[in-house]
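Q: This structure is in C-alpha cells; I'll ask about it shortly.
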Amino acid sequence: MTPSANPKTKPDTPASPHGGNIRSRLFPKGTIWILLLFSTISLCIALVGISWRAAELARADLQTEIREKAEIEARVLGEKIENALRLGIPLREIVGFEAVVYQLRDGDPDLVFAAITDMGGDILHAGGLPSDEIATALTAPSGNDTAYIVTRLNLPRAEGRDDIEVVLGHARAALMRPVTDNLYDIAIIFIITLALSFELMLLVLTVNVALPVRVARKVLGNVRDRKFTLLHGQSTHDEIGQFMERINSLINTTAKKVGTHPQREREVKLIGVRMLAFMFVLAEELARPIMPAFFSQVTSHSIDGQLGAGVVMAVHLLMVALAMPICSLFQEQVGSLRMYLCGAFLATLGLIGTAFAVGIWDLVLWRALSGIGYATTFVACQSYVLDATNDSNRTQGTAMMVSGIMLADICGPAIGGIVAGHFGPDMTFIAGATIAFLAVLLAFFLMDNMVRGKTPPPVPTRAALRAMLGNRRLQVLILFAAIPAKLILSGFLYYLTPMILLQSGATTAETGRVIMLYGLVAILTGWAAAKWTDKSQNETRAVGIGGGLTAAGLLLAGWLPEYALFAVAVALLGLAQATSIPAQLSASLKLSKDFTKDHGTGPVLAVLRLAERLGGAAGPLLAAGLTLLVGTTQAVLIFGVFAAVSVLCFELLIGHVPPEQKGEQKSDQKAQGGTK
C-alpha cells in the first residue's frame, strides 16, 4: 500500500541544485554518460581521419591503374587496326570500329569513348560518343577537374601511311567509385563498431552496476522492513560488492539474533544471453552473402550448381528443424548452459569442415553438423529467456534475445562480405568458427546453470499432445504465420536476394550491405514493437501486422526488381520479423496455456520450432525450383503472393474465438491490471 498524500501539500518534484527541473537536461547526469559521449566522439574523429587519408591514397593508386588498363585496351585497338591495314583495307574505310569499342565497354564500364586520330588531331574513327563531343574532350585542357582521363597510344608510321593515334577516354568519376565503395565499407565498419561498443558497454554496465544495484535495493529494502531474510548474492569485486559484503555480515549477525535464515538474492543475467545469441548467430551470418555462390561452386562437379546450393542450404535448415524440437524436450533436464556449450562446439566443427569441403557429400555433412549446433544453441538461449520471464514481460525478454540475433544479422553479412572480398570464402568460414569457439568460453561467465530453480515438468502423454495439436487457433498461428515467416526469410533473404543482386552486377560487399538492412531495421524497431505488444497484450495483432509488411515488401521487389527497391523490401522484412517473431512465441504459449500449466512449455515450443524450421528448410528448395521454372524475378513475385495469401488467411481465421474464451481473456486482463 502507498501512504495517502496530504491534500494541502504539493507533490515533491525533483529539482536540480541550480534550480529548475531535472527533466530539462539534454543528457542524463553522471560520469558514465560523459565517458560514453567522449568515447563516441573520439571514435568518430579517429574513423573520419582514417577514412580521409585512405581516400587520398586510393585516388593516386587508382589513377595509375586506370592508365595501365587504358594502355592495354589501346594496344588491343591498335592491333586490330594494324591487322586491317595489313589486309589492304584503307584506314578511312575500316568498318566495325564502334562495335569493337562497345565490346571493350562490356568488360570495362568506365570506358566512355575511343577514337583513331591522325597527327593533326582529326578524328578518323570514333566510338562511344559523337565525334564532335570527342573532339571537345580532346582539346580541353588537362587537369584533375576534367570529365575524362584521356590516354593516347601512338602507332608509328608504316609503309604507305602517316602516324596515327589511338585515343581512349575514361570517366574521371571512375576514380571515386572504388573510393566510394571503400567509404561505404568504412561507414559500415563505423556503424558496426558503434553497435559492438554499445553492446559491450551495455553488458559491462548491466553485469557490474545495474544488476548489483538492483539486488542491493532489494536487500536494503528488506533490512528497512526489519525482515533480515535476504543477502546480496550478485557477485562483484568492486566498491558495490565490498559495501554489500559488509551489509551481508551485519544481516547475518542480526538474523542470528532474531532467528531467521537469510537467503542470497540474485538477478538473472538476461543481458548475457543477448551477447551469446549474438555470437552464435554471427558465426553463421558471416558467410551468408557468399553461401549460394560458394555452395554452387563446390557442388557443380556433381549436380547443377544452383540446385546443389539449394540442397545444401535445405539440408542445413532441415537439421535445424529436426534438432530444435528434440532439444526443446530435453532442455530442462540438460540445462541451458550445457546445451549451449554442446551446440557452440558442434557449430565450430561444422564451420571448419565447411571451409575445407571439396564435394557435395562432405559439404552436406558439415552443414548438417552446423545446423545441429545452431539449433542447440538457439534452444538453450530461448529456454533460458522463457525461464527468466513471465507473461507480463515475455515478449520484451524474447525481443532482447532477438535483438542480439538481429545485431548479428547486421554485422555478419557486412563483415563477411568484406572478409570474403579480401581473403576468400574459406577464411570467412574459419572466422565464423573462431567466433563460435569464443562463445564456448564466454558461456561459462554469461549463463547460469540453473534459472530460478525450476523443476522439470512431467512428460506429456499422447492424449495431452493430441489435445494440444487439436487447438485450432494454434494451428492457424503455425500454418499461416510461423511457417510462412521462416520460409520467406530463408527463401527470399538468404537465397534469392544474394543471387539476384550478384547476377545484376552488385559486388559481394554491396550484397552484404543490402542483407544488413534486415538486421539494422529489426534491431532499431524490435524493442518498441515488443513493448507495444506487451502493453496491448494483443500478440496476434502484431503477428498480422508483420505478415502484411512482409507481403508489401515482396510484392514491391517482385514488381519492380531494382537495387533500391530490393533494399526497401529487405528493410520491410526486418521490420515485419521484429514485430511478429517475438509475438509468435508469446501467442503460442497463451493459446496453449491450459496445456502448459500441467506439462510445461517444452512440447509447445517443440511443435512451434519444428514447424518454423520445416518452413525454413523448404524456403531454399522452393526458391531454387521457382528459379529454374520461372526465373528469379518471378520467384520473388510468387513469394509475395504467397505472403499476402498467408496473412489474409491468418487474419480471417485467428479471429474466430468462442464467446466464452473471449470472456476468459477479458477477465484475465482485468486480473492482471488489478495485480499491477
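Note on naming: chains are A, B, ... as they come in the C-alpha cells, residues start from 1 per chain, ligands start from 1 in the order shown.
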Between stretch 278-303 of chain A and stretch 371-390 of chain A, at 10 Å or less, what are the per-residue closest atom pairs and their distances in Å? Count only C-alpha atoms, order by chain and rising residue number, and return it as a tab-separated table.

A:
residue	atom	partner	partner_atom	distance
A:Phe280	CA	A:Tyr374	CA	7.2
A:Val281	CA	A:Tyr374	CA	7.7
A:Ala283	CA	A:Tyr374	CA	9.6
A:Glu284	CA	A:Tyr374	CA	8.2

Q: Please write the residues from the selection above to a file, keeping all heavy atoms, as a JSON list (two decimals), in the first residue's frame.

A:
[["chain", "number", "residue", "atom", "x", "y", "z"],
["A", 280, "PHE", "N", 26.60, -16.71, -31.53],
["A", 280, "PHE", "CA", 26.39, -17.93, -32.31],
["A", 280, "PHE", "C", 25.70, -17.64, -33.64],
["A", 280, "PHE", "O", 25.91, -18.36, -34.62],
["A", 280, "PHE", "CB", 25.64, -19.00, -31.50],
["A", 280, "PHE", "CG", 24.14, -18.87, -31.46],
["A", 280, "PHE", "CD1", 23.35, -19.25, -32.52],
["A", 280, "PHE", "CD2", 23.50, -18.41, -30.32],
["A", 280, "PHE", "CE1", 21.97, -19.15, -32.48],
["A", 280, "PHE", "CE2", 22.12, -18.32, -30.26],
["A", 280, "PHE", "CZ", 21.36, -18.67, -31.35],
["A", 281, "VAL", "N", 24.92, -16.56, -33.70],
["A", 281, "VAL", "CA", 24.33, -16.19, -35.00],
["A", 281, "VAL", "C", 25.37, -15.50, -35.88],
["A", 281, "VAL", "O", 25.41, -15.71, -37.09],
["A", 281, "VAL", "CB", 23.10, -15.30, -34.79],
["A", 281, "VAL", "CG1", 22.55, -14.82, -36.12],
["A", 281, "VAL", "CG2", 22.02, -16.06, -34.04],
["A", 283, "ALA", "N", 28.51, -16.13, -36.00],
["A", 283, "ALA", "CA", 29.37, -17.17, -36.58],
["A", 283, "ALA", "C", 28.77, -17.74, -37.86],
["A", 283, "ALA", "O", 29.49, -18.06, -38.81],
["A", 283, "ALA", "CB", 29.58, -18.28, -35.55],
["A", 284, "GLU", "N", 27.46, -17.83, -37.93],
["A", 284, "GLU", "CA", 26.78, -18.37, -39.12],
["A", 284, "GLU", "C", 26.57, -17.29, -40.18],
["A", 284, "GLU", "O", 26.65, -17.56, -41.38],
["A", 284, "GLU", "CB", 25.44, -18.97, -38.71],
["A", 284, "GLU", "CG", 24.68, -19.65, -39.83],
["A", 284, "GLU", "CD", 25.32, -20.96, -40.27],
["A", 284, "GLU", "OE1", 26.05, -21.57, -39.47],
["A", 284, "GLU", "OE2", 25.09, -21.36, -41.42]]

Q: Taking the backbone alone, and naming residues the way the document does, which bits of stretch 42-262 of chain A are strand (DSSP E or B) by DSSP, as a PyMOL selection string?

A: chain A and resi 111-118+123-127+148-155+164-171+230-232

Q: So which one's closest to A:Val204, A:Met516, A:Ile247, A:Leu446, A:Val298? Using only C-alpha atoms, please.

A: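 The closest residue to A:Val204 is A:Leu446.
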
Q: Separation of atom CA of A:Ala323 and atom CA of A:Ser302, in Å?

A: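 Taking atom CA of A:Ala323 as the start and atom CA of A:Ser302 as the end point, the length is 27.7 Å.
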
Q: Select, from A:Gly353, A:Gly544, A:Gly233, A:Gly127, the residue with the minimum atom-to-atom distance to A:Ile654, counting only C-alpha atoms.

A: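 Of all the options, A:Gly544 lies closest to A:Ile654.
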
Q: Pick out the residues sitting within 12 Å of stretch 347-351 of chain A, and hand them over as a ChimeraX atom specification; count only C-alpha atoms, and ignore anything fewer than 2 positions along from it in its own chain.

A: /A:279-287,316,320,340-345,353-357,362-378,425-440

Q: Find the residues near A:Ile515: any atom within 9 Å, counting only C-alpha atoms, skip ones fewer than 5 places away on the same chain, and give them as number ranges by chain.

A: A: 288-289, 409-410, 413-414, 493-494, 497-498, 510, 567, 570-571
